[in-house]
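A.B. asks: Got protein04.txt for you, compact mmCIF, C-alpha atoms:
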# COMPACT_ATOMS: atom_id res chain seq x y z
CA MET A 1 78.84 118.85 114.38
CA ARG A 2 76.82 116.83 111.89
CA LEU A 3 78.61 115.64 108.78
CA PHE A 4 75.52 114.72 106.82
CA HIS A 5 72.42 116.57 105.74
CA ALA A 6 69.22 114.53 105.44
CA PRO A 7 68.62 115.32 101.74
CA ALA A 8 72.06 114.01 100.78
CA VAL A 9 71.60 110.75 102.65
CA LEU A 10 68.06 110.31 101.36
CA LEU A 11 69.32 110.77 97.81
CA LEU A 12 71.71 107.85 98.24
CA LEU A 13 69.06 105.67 99.89
CA ALA A 14 66.50 106.31 97.16
CA ALA A 15 65.92 104.13 94.10
CA PRO A 16 68.80 104.30 91.60
CA LEU A 17 68.91 107.34 89.37
CA PHE A 18 70.88 105.44 86.78
CA ALA A 19 70.70 101.84 85.61
CA GLN A 20 73.39 99.24 85.95
CA PRO A 21 75.31 98.37 82.78
CA LYS A 22 74.01 95.85 80.26
CA PHE A 23 76.53 93.19 81.19
CA GLU A 24 77.87 90.92 78.45
CA PHE A 25 77.82 87.75 80.54
CA LYS A 26 75.39 84.83 80.42
CA GLU A 27 74.50 82.56 83.31
CA LYS A 28 76.16 79.17 82.92
CA LYS A 29 78.23 76.47 84.62
CA HIS A 30 81.47 74.80 83.59
CA GLY A 31 83.82 72.36 85.31
CA GLY A 32 82.88 73.30 88.85
CA GLY A 33 82.70 77.00 88.04
CA GLU A 34 79.54 79.04 87.75
CA LEU A 35 78.36 82.46 86.58
CA LYS A 36 75.09 83.72 87.99
CA TYR A 37 73.45 87.08 88.62
CA VAL A 38 72.85 88.22 92.19
CA ASP A 39 70.47 91.19 92.33
CA GLY A 40 71.62 92.13 88.83
CA ILE A 41 75.37 91.79 89.52
CA PRO A 42 77.31 89.07 87.63
CA VAL A 43 79.07 86.84 90.17
CA VAL A 44 81.55 84.25 88.91
CA THR A 45 82.84 81.43 91.13
CA VAL A 46 85.89 79.42 90.04
CA GLY A 47 88.43 77.23 91.78
CA GLY A 48 90.99 74.46 91.77
CA LYS A 49 94.42 74.29 90.18
CA PRO A 50 95.61 77.19 88.00
CA ALA A 51 94.69 75.36 84.79
CA ASP A 52 91.22 74.63 86.19
CA ILE A 53 90.66 78.27 87.12
CA GLY A 54 91.88 79.43 83.70
CA GLU A 55 89.61 77.01 81.86
CA GLN A 56 86.59 77.97 83.96
CA LEU A 57 87.20 81.69 83.41
CA ALA A 58 87.65 81.08 79.69
CA GLN A 59 84.31 79.33 79.37
CA LEU A 60 82.35 81.56 81.75
CA VAL A 61 83.58 85.11 81.11
CA VAL A 62 86.02 85.26 78.18
CA LYS A 63 84.87 83.01 75.37
CA ASP A 64 81.34 84.40 75.09
CA THR A 65 82.27 88.08 75.43
CA SER A 66 83.44 90.48 72.74
CA ASP A 67 87.05 90.40 71.55
CA PRO A 68 89.17 92.30 74.10
CA VAL A 69 91.41 93.63 71.31
CA ASP A 70 88.82 96.22 70.33
CA LEU A 71 88.28 97.20 73.97
CA MET A 72 92.01 97.55 74.59
CA GLU A 73 92.48 99.69 71.49
CA ARG A 74 89.63 102.00 72.54
CA PHE A 75 91.02 102.24 76.06
CA LEU A 76 94.49 103.21 74.82
CA ALA A 77 93.02 105.74 72.39
CA ASP A 78 91.04 107.31 75.24
CA ASN A 79 94.33 107.63 77.13
CA LYS A 80 96.00 109.42 74.19
CA LEU A 81 97.80 106.23 73.10
CA LYS A 82 95.93 105.57 69.88
CA GLY A 83 97.60 102.87 67.80
CA ALA A 84 99.99 101.95 70.63
CA LEU A 85 98.64 98.44 71.33
CA PRO A 86 101.46 96.60 69.50
CA LEU A 87 104.09 98.55 71.47
CA VAL A 88 102.23 98.08 74.76
CA LYS A 89 102.06 94.33 74.14
CA VAL A 90 105.82 94.25 73.56
CA GLN A 91 106.35 96.06 76.87
CA ALA A 92 103.92 93.71 78.61
CA MET A 93 105.95 90.74 77.46
CA ARG A 94 109.00 92.27 79.15
CA LEU A 95 107.04 91.91 82.40
CA LYS A 96 106.21 88.25 81.79
CA LYS A 97 109.20 87.03 83.80
CA GLY A 98 107.78 88.68 86.94
CA ILE A 99 104.35 87.04 86.67
CA PRO A 100 103.85 84.42 89.44
CA VAL A 101 104.00 80.89 88.02
CA ASP A 102 100.44 79.99 89.05
CA HIS A 103 99.01 83.19 87.57
CA LEU A 104 100.80 82.62 84.27
CA ALA A 105 99.58 79.00 84.08
CA GLU A 106 96.05 80.28 84.64
CA MET A 107 96.40 82.83 81.80
CA GLU A 108 97.83 80.18 79.49
CA ALA A 109 94.85 77.87 80.13
CA MET A 110 92.45 80.78 79.67
CA ALA A 111 94.03 81.78 76.37
CA LYS A 112 93.97 78.21 75.06
CA ARG A 113 90.36 77.41 76.04
CA ALA A 114 88.95 80.78 74.97
CA GLU A 115 91.10 80.91 71.82
CA ARG A 116 92.45 84.32 72.78
CA ASP A 117 95.89 85.85 72.39
CA LEU A 118 98.01 85.09 75.48
CA ASP A 119 100.00 88.27 74.92
CA LEU A 120 96.77 90.27 75.16
CA LEU A 121 95.80 88.59 78.46
CA ILE A 122 99.23 89.43 79.84
CA THR A 123 98.79 93.00 78.61
CA ALA A 124 95.43 93.28 80.39
CA ASN A 125 97.03 92.18 83.64
CA THR A 126 99.97 94.58 83.33
CA ILE A 127 97.92 97.55 82.11
CA TYR A 128 98.35 99.41 85.42
CA ASP A 129 102.14 99.22 85.08
CA LEU A 130 102.11 100.43 81.47
CA SER A 131 99.39 103.10 81.29
CA SER A 132 97.47 105.61 83.37
CA GLY A 133 93.92 106.81 83.92
CA MET A 134 93.06 105.82 87.50
CA GLY A 135 91.94 108.46 90.02
CA CYS A 136 90.57 106.48 92.95
CA SER A 137 89.53 107.53 96.47
CA THR A 138 89.33 105.45 99.67
CA LEU A 139 87.99 105.96 103.19
CA ILE A 140 88.37 103.60 106.14
CA ALA A 141 86.46 104.04 109.40
CA GLU A 142 87.99 101.92 112.15
CA LYS A 143 85.89 100.43 114.95
CA GLY A 144 85.90 103.55 117.12
CA ARG A 145 84.63 105.67 114.23
CA SER A 146 82.14 103.15 112.84
CA ALA A 147 78.44 103.27 113.69
CA THR A 148 78.38 99.47 113.32
CA GLY A 149 81.23 98.95 115.78
CA GLU A 150 83.20 97.19 113.04
CA VAL A 151 85.68 98.38 110.41
CA LEU A 152 84.14 99.92 107.27
CA PHE A 153 86.25 100.34 104.11
CA GLY A 154 84.86 102.52 101.33
CA ARG A 155 86.31 102.85 97.86
CA LEU A 156 85.67 104.63 94.56
CA PHE A 157 87.20 103.06 91.48
CA ASP A 158 87.80 105.89 89.02
CA TRP A 159 89.19 104.97 85.61
CA THR A 160 89.01 106.14 82.03
CA PRO A 161 85.35 105.40 81.15
CA THR A 162 86.02 103.63 77.87
CA LYS A 163 82.91 102.21 76.25
CA GLY A 164 82.65 98.53 77.06
CA LEU A 165 84.49 98.47 80.39
CA SER A 166 81.37 98.62 82.55
CA GLU A 167 79.72 95.87 80.53
CA ARG A 168 82.64 93.53 81.33
CA THR A 169 82.65 94.25 85.07
CA ALA A 170 82.02 91.31 87.40
CA VAL A 171 82.59 90.02 90.91
CA VAL A 172 84.89 87.01 90.58
CA VAL A 173 85.26 84.62 93.51
CA VAL A 174 88.44 82.53 93.21
CA LYS A 175 89.16 79.47 95.35
CA PRO A 176 92.71 78.41 94.47
CA GLU A 177 94.25 75.24 95.87
CA LYS A 178 96.33 75.76 99.06
CA LYS A 179 95.72 79.53 99.08
CA HIS A 180 93.15 81.89 100.54
CA ALA A 181 89.91 82.21 98.61
CA PHE A 182 89.21 85.78 97.55
CA ALA A 183 86.64 87.89 95.73
CA MET A 184 87.64 90.66 93.35
CA ILE A 185 85.65 93.34 91.58
CA THR A 186 87.27 93.27 88.17
CA ILE A 187 86.95 94.05 84.48
CA THR A 188 87.49 90.86 82.51
CA PRO A 189 89.92 89.54 81.38
CA ILE A 190 91.90 91.19 84.23
CA THR A 191 92.66 88.47 86.81
CA GLY A 192 94.92 90.63 88.97
CA VAL A 193 93.33 92.48 91.88
CA VAL A 194 92.12 96.08 91.61
CA SER A 195 89.70 95.77 94.56
CA GLY A 196 89.07 92.66 96.62
CA MET A 197 88.56 90.78 99.89
CA ASN A 198 89.70 87.33 101.00
CA ASP A 199 88.29 84.64 103.29
CA ALA A 200 90.10 86.14 106.28
CA GLY A 201 88.33 89.47 105.71
CA LEU A 202 91.50 91.17 104.45
CA CYS A 203 90.57 93.86 101.90
CA VAL A 204 92.83 95.68 99.44
CA THR A 205 92.36 98.31 96.75
CA ILE A 206 94.74 100.19 94.49
CA ASN A 207 95.23 103.94 94.16
CA GLU A 208 97.35 105.07 91.22
CA ILE A 209 100.52 107.04 91.95
CA ARG A 210 102.92 108.19 89.24
CA LEU A 211 106.41 106.85 89.77
CA LYS A 212 107.94 110.27 89.14
CA ASP A 213 105.98 111.58 92.14
CA SER A 214 107.98 109.55 94.67
CA LYS A 215 110.68 111.21 96.74
CA ASP A 216 112.87 108.09 96.68
CA LYS A 217 113.34 108.53 92.89
CA ALA A 218 112.93 104.80 92.27
CA ALA A 219 113.34 103.46 88.75
CA PHE A 220 110.80 101.15 87.12
CA ASP A 221 111.77 97.52 87.76
CA TRP A 222 111.07 95.35 84.72
CA GLU A 223 111.80 92.22 86.79
CA GLY A 224 109.19 93.03 89.44
CA VAL A 225 105.83 91.38 89.99
CA PRO A 226 103.22 93.31 87.94
CA THR A 227 101.26 95.43 90.39
CA LEU A 228 97.78 93.93 90.09
CA LEU A 229 99.24 90.44 90.45
CA ALA A 230 101.23 91.57 93.50
CA PHE A 231 97.95 92.75 95.02
CA ARG A 232 96.42 89.37 94.19
CA ARG A 233 99.28 87.63 95.99
CA VAL A 234 98.43 89.65 99.10
CA LEU A 235 94.88 88.29 99.10
CA GLU A 236 96.02 84.75 98.31
CA GLU A 237 98.75 84.61 100.97
CA CYS A 238 97.93 87.05 103.80
CA THR A 239 95.39 87.43 106.59
CA THR A 240 96.38 90.75 108.19
CA VAL A 241 97.70 94.19 107.30
CA ALA A 242 101.02 93.30 108.95
CA GLU A 243 101.40 90.14 106.85
CA ALA A 244 100.66 92.11 103.68
CA GLU A 245 103.31 94.69 104.51
CA LYS A 246 105.87 91.93 105.10
CA LEU A 247 104.99 90.16 101.84
CA LEU A 248 105.26 93.35 99.78
CA ASN A 249 108.61 94.21 101.34
CA GLY A 250 109.88 90.78 100.32
CA MET A 251 108.94 90.89 96.65
CA LYS A 252 110.26 92.84 93.68
CA ARG A 253 107.82 95.60 92.73
CA THR A 254 107.56 97.20 89.29
CA THR A 255 106.30 100.72 89.97
CA ALA A 256 104.52 103.08 92.35
CA ALA A 257 101.07 102.57 93.88
CA CYS A 258 99.16 103.02 97.09
CA MET A 259 97.49 99.99 98.63
CA THR A 260 94.63 100.95 100.89
CA ILE A 261 94.20 97.91 103.11
CA ALA A 262 92.06 96.81 106.01
CA ASP A 263 91.42 93.73 108.11
CA ALA A 264 88.82 93.20 110.80
CA LYS A 265 90.93 95.15 113.34
CA GLY A 266 91.82 98.27 111.37
CA GLY A 267 93.29 99.80 108.23
CA ALA A 268 96.22 101.65 106.71
CA VAL A 269 97.70 102.87 103.46
CA LEU A 270 100.85 101.19 102.17
CA GLU A 271 102.75 103.60 99.92
CA ILE A 272 104.73 101.50 97.45
CA THR A 273 107.61 102.08 95.05
CA PRO A 274 110.23 99.66 93.66
CA LYS A 275 112.50 100.86 96.51
CA SER A 276 110.14 101.46 99.41
CA VAL A 277 107.04 100.34 101.29
CA GLU A 278 105.89 103.03 103.73
CA LYS A 279 102.93 102.54 106.06
CA ARG A 280 100.49 105.38 106.80
CA GLU A 281 98.31 104.67 109.84
CA ALA A 282 94.79 105.87 110.52
CA ASN A 283 94.38 109.28 112.17
CA LYS A 284 91.68 109.46 114.85
CA GLY A 285 90.26 106.20 113.57
CA VAL A 286 90.02 107.33 109.93
CA CYS A 287 92.30 106.53 107.01
CA CYS A 288 91.95 108.18 103.57
CA CYS A 289 93.83 107.98 100.29
CA CYS A 290 93.60 109.46 96.80
CA ASN A 291 96.44 109.79 94.29
CA ASP A 292 99.55 111.08 95.96
CA PHE A 293 102.02 109.90 98.57
CA ARG A 294 101.65 111.54 102.01
CA THR A 295 104.41 109.94 104.13
CA ASP A 296 107.50 112.05 104.81
CA ALA A 297 109.68 109.43 103.10
CA LEU A 298 107.85 109.54 99.76
CA ALA A 299 105.68 112.68 99.47
CA THR A 300 106.78 115.31 96.96
CA LYS A 301 103.69 117.53 97.18
CA SER A 302 103.25 120.05 100.00
CA GLY A 303 99.56 119.37 100.52
CA PRO A 304 96.79 116.91 99.69
CA CYS A 305 94.74 117.08 96.49
CA ILE A 306 91.26 118.61 96.54
CA ARG A 307 89.56 115.21 96.86
CA LEU A 308 91.73 114.13 99.77
CA THR A 309 91.20 117.51 101.44
CA GLN A 310 87.44 116.86 101.30
CA LEU A 311 87.76 113.35 102.73
CA LEU A 312 90.06 114.50 105.54
CA LYS A 313 87.24 116.65 106.92
CA VAL A 314 85.82 113.40 108.25
CA VAL A 315 88.87 112.98 110.51
CA GLU A 316 88.21 116.14 112.48
CA ALA A 317 84.41 115.97 112.45
CA GLY A 318 84.43 113.07 114.87
CA ASP A 319 81.12 111.51 113.89
CA LYS A 320 80.67 107.77 113.65
CA LEU A 321 80.02 106.50 110.13
CA GLY A 322 77.62 103.87 108.89
CA VAL A 323 77.69 102.22 105.47
CA GLU A 324 75.50 104.90 103.90
CA ASP A 325 77.57 107.64 105.56
CA VAL A 326 80.72 106.25 103.94
CA PHE A 327 78.95 106.18 100.57
CA ALA A 328 77.79 109.78 101.16
CA GLN A 329 81.34 110.98 101.84
CA LEU A 330 82.67 109.18 98.78
CA HIS A 331 79.88 110.71 96.68
CA LYS A 332 81.32 114.15 97.52
CA VAL A 333 84.56 113.26 95.71
CA ASN A 334 83.12 111.35 92.76
CA GLN A 335 84.46 112.19 89.29
CA GLY A 336 81.29 111.81 87.28
CA LYS A 337 81.32 109.08 84.67
CA LYS A 338 84.95 108.27 85.56
CA THR A 339 83.67 106.85 88.84
CA MET A 340 82.89 103.40 87.51
CA GLN A 341 82.46 101.57 90.82
CA ALA A 342 81.68 102.51 94.42
CA MET A 343 81.86 99.99 97.25
CA VAL A 344 81.99 99.53 101.00
CA PHE A 345 83.63 96.44 102.50
CA GLU A 346 82.78 95.11 105.95
CA PRO A 347 85.87 92.97 106.70
CA GLY A 348 84.51 91.53 109.96
CA LYS A 349 81.31 90.29 108.34
CA LYS A 350 82.90 89.56 104.94
CA VAL A 351 80.17 91.60 103.29
CA LEU A 352 80.45 93.83 100.21
CA HIS A 353 78.10 96.68 99.31
CA LEU A 354 78.65 97.38 95.62
CA LYS A 355 77.55 99.97 93.06
CA ILE A 356 78.51 99.59 89.38
CA GLY A 357 77.93 102.54 87.07
CA ASP A 358 76.90 102.32 83.43
CA GLY A 359 79.61 104.70 82.20
CA THR A 360 77.33 107.74 81.81
CA GLU A 361 77.24 109.03 85.41
CA SER A 362 78.95 108.38 88.71
CA ALA A 363 78.42 104.92 90.19
CA THR A 364 77.70 106.64 93.51
CA LYS A 365 74.23 107.47 92.14
CA VAL A 366 73.32 103.79 91.74
CA LYS A 367 71.61 101.78 94.47
CA ALA A 368 74.02 99.43 96.25
CA VAL A 369 73.75 95.65 96.04
CA THR A 370 74.79 93.81 99.20
CA LEU A 371 76.75 90.59 98.68
CA ASP A 372 77.47 88.12 101.47
CA VAL A 373 80.93 87.23 100.24
CA GLY A 374 81.64 85.06 103.26
CA LYS A 375 78.99 82.59 102.16
CA MET A 376 80.48 82.53 98.67
CA PHE A 377 83.80 81.35 100.10
CA LYS A 378 82.27 78.28 101.78
Show me this structure written as structure tokens.
C.D. replies:
Amino acid sequence: MRLFHAPAVLLLLAAPLFAQPKFEFKEKKHGGGELKYVDGIPVVTVGGKPADIGEQLAQLVVKDTSDPVDLMERFLADNKLKGALPLVKVQAMRLKKGIPVDHLAEMEAMAKRAERDLDLLITANTIYDLSSGMGCSTLIAEKGRSATGEVLFGRLFDWTPTKGLSERTAVVVVKPEKKHAFAMITITPITGVVSGMNDAGLCVTINEIRLKDSKDKAAFDWEGVPTLLAFRRVLEECTTVAEAEKLLNGMKRTTAACMTIADAKGGAVLEITPKSVEKREANKGVCCCCNDFRTDALATKSGPCIRLTQLLKVVEAGDKLGVEDVFAQLHKVNQGKKTMQAMVFEPGKKVLHLKIGDGTESATKVKAVTLDVGKMFK
């Protein structure tokens, strides 16, 4: 049985139907860091001690861009939280104690050099814990189900398409001292990880899960590591899926999330709450995730959502998937302009195929840019 019809694949291989965003960033260098465009995608490279990284980010991507206060206010208004920024900032400061020391030092240097409000930077990096709006989808094809013979990891980043978010999207390559280098696809000034890959080829992405939808009835932990920074720790400290699972089990976690994760050998979904970390393995060489828990320990819903139902058809079809096939399957579950990014990681090659939408249509309709992330780490 064929999964793909020629017209659908040809559509994705054709020239982009929609343009990339008009990014706010300018090419420049500062203190060992650099921002340059690669095939139209802004790529930022920073490294060193936390204060060095913060200063480089301040000069390259924060200082010259529009004030994030306006963007944050628009984002909250789009999520039916108009006027709530002062309260959200107060809540974000309650999470400050859980921020890793190095990450906080980086934010402090960034705030000082860019002359921005530190509280706002902390709010940006705890926004997942304090708001909603994500609706992401992921699809992993392990070696036996990959046309390349290597693991392929596809991901849609679906978020509230607030005006200005796409324009502040960038690939940021971070080379911290005594930790793994990693690349993240982020919206500045977020320095936690939403989607990323490290120098070992370990890849992680986040899928939003509401805490109330967990069977273990866990309470929000205000002393936990904010979720996006916990995901960053995984890339900074781990090389395999097993190491990531161990690290997450050993840290305090604020709220619920799914981590879709893959290394060069295979992938899984780690279903996370403040009480639990449950691992969901691939089925017949395929692993999929959307926005609900599926393990017996945590699932509260009887069946998968409509998007996951569509992706799970790949499991039974049995075909081997190439990069464009993964993009084609993800295109079937896109959410229009909410689908802000589409990507396929190749962990073994340390390659990223990336599509960034302009906020008017699904990013799956844009032509992919291929980035050799492995070379960027060297």
A.B. asks: May I ask which of the residues A:Lys22, A:Lys89, A:Lys63, A:Arg294 is the closest one to Met110 of chain A, counting only C-alpha atoms?
C.D. replies: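 Of A:Lys22, A:Lys89, A:Lys63, A:Arg294, the one nearest Met110 of chain A is A:Lys63, counting only C-alpha atoms.
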A.B. asks: Pick the closest to Ser276 of chain A from A:Cys136, A:Cys288, A:Leu248, A:Leu120: which is it, counting only C-alpha atoms?
C.D. replies: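 Smallest separation from Ser276 of chain A among the options: A:Leu248.
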A.B. asks: Between A:Gly266, A:Gly164, A:Gly154, A:Gly98, single out the one closest to Thr126 of chain A, counting only C-alpha atoms.
C.D. replies: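 Once distances to Thr126 of chain A are computed over only C-alpha atoms, the minimum belongs to A:Gly98.
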A.B. asks: Could you tell me, as JSON, numbers by chain, which residues have any atom at most 9 Å from (105.0, 106.5, 86.0), counting all atoms listed in the file?
C.D. replies: {"A": [129, 130, 131, 132, 209, 210, 211, 212, 213, 220, 255, 256]}
A.B. asks: Go through A:Lys179, A:Lys375, A:Lys143, A:Arg155 one by one, measure the shortest atom-to-atom distance of each to Gln329 of chain A using all atoms listed in the file, and give the residue with the smallest value.
C.D. replies: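 For Gln329 of chain A, the nearest of the candidates is A:Arg155.
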A.B. asks: How many Å separate atom CA of Glu24 of chain A from atom CA of Lys96 of chain A?
C.D. replies: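 Separation between atom CA of Glu24 of chain A and atom CA of Lys96 of chain A: 28.7 Å.
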A.B. asks: Just want the 6 Å neighbourhood of segment 38-43 of chain A, counted on only C-alpha atoms, with same-chain residues fewer than 3 positions away dropped. Output as a ChimeraX atom specification.
C.D. replies: /A:35,170-172
A.B. asks: Kindly indicate which residue among A:Leu311, A:Leu60, A:Leu85, A:Ala297 lies nearest to His331 of chain A, using only C-alpha atoms for the distances.
C.D. replies: A:Leu311
A.B. asks: One number please: atom CA of Gly374 of chain A to atom CA of Glu34 of chain A, in Å, one decimal.
C.D. replies: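 Between these atoms lies a distance of 16.8 Å.
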A.B. asks: Around the point (81.8, 77.2, 80.7) (coordinates from the file), which residues reach within 10 Å if we count all atoms listed in the file? Answer as an mmCIF file with C-alpha atoms, in the frame of the given file.
C.D. replies:
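As a result, part_20.cif now contains:
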data_model
loop_
_atom_site.group_PDB
_atom_site.id
_atom_site.type_symbol
_atom_site.label_atom_id
_atom_site.label_comp_id
_atom_site.auth_asym_id
_atom_site.auth_seq_id
_atom_site.Cartn_x
_atom_site.Cartn_y
_atom_site.Cartn_z
ATOM 1 C CA LYS A 26 75.390 84.830 80.420
ATOM 2 C CA GLU A 27 74.500 82.560 83.310
ATOM 3 C CA LYS A 28 76.160 79.170 82.920
ATOM 4 C CA LYS A 29 78.230 76.470 84.620
ATOM 5 C CA HIS A 30 81.470 74.800 83.590
ATOM 6 C CA GLY A 31 83.820 72.360 85.310
ATOM 7 C CA GLY A 32 82.880 73.300 88.850
ATOM 8 C CA GLY A 33 82.700 77.000 88.040
ATOM 9 C CA GLU A 34 79.540 79.040 87.750
ATOM 10 C CA LEU A 35 78.360 82.460 86.580
ATOM 11 C CA GLU A 55 89.610 77.010 81.860
ATOM 12 C CA GLN A 56 86.590 77.970 83.960
ATOM 13 C CA LEU A 57 87.200 81.690 83.410
ATOM 14 C CA ALA A 58 87.650 81.080 79.690
ATOM 15 C CA GLN A 59 84.310 79.330 79.370
ATOM 16 C CA LEU A 60 82.350 81.560 81.750
ATOM 17 C CA VAL A 61 83.580 85.110 81.110
ATOM 18 C CA VAL A 62 86.020 85.260 78.180
ATOM 19 C CA LYS A 63 84.870 83.010 75.370
ATOM 20 C CA ASP A 64 81.340 84.400 75.090
ATOM 21 C CA ARG A 113 90.360 77.410 76.040
ATOM 22 C CA ALA A 114 88.950 80.780 74.970
#
A.B. asks: Just how far from atom CA of Asp372 of chain A is atom CA of Asn291 of chain A, in Å to one decimal?
C.D. replies: 29.7 Å
A.B. asks: Residues near Leu235 of chain A, anyone? I mean within 7 Å using only C-alpha atoms, not counting same-chain ones fewer than 3 positions away, as a VMD selection string.
C.D. replies: chain A and resid 180 182 197 to 198 202 231 to 232 238
A.B. asks: Can you write out the residues you just picked, keeping C-alpha atoms, as a PDB file, in the coordinates of the input?
C.D. replies:
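File produced: selection-v4.pdb:
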ATOM      1  CA  HIS A 180      93.150  81.890 100.540  1.00  0.00           C
ATOM      2  CA  PHE A 182      89.210  85.780  97.550  1.00  0.00           C
ATOM      3  CA  MET A 197      88.560  90.780  99.890  1.00  0.00           C
ATOM      4  CA  ASN A 198      89.700  87.330 101.000  1.00  0.00           C
ATOM      5  CA  LEU A 202      91.500  91.170 104.450  1.00  0.00           C
ATOM      6  CA  PHE A 231      97.950  92.750  95.020  1.00  0.00           C
ATOM      7  CA  ARG A 232      96.420  89.370  94.190  1.00  0.00           C
ATOM      8  CA  CYS A 238      97.930  87.050 103.800  1.00  0.00           C
TER       9      CYS A 238
END
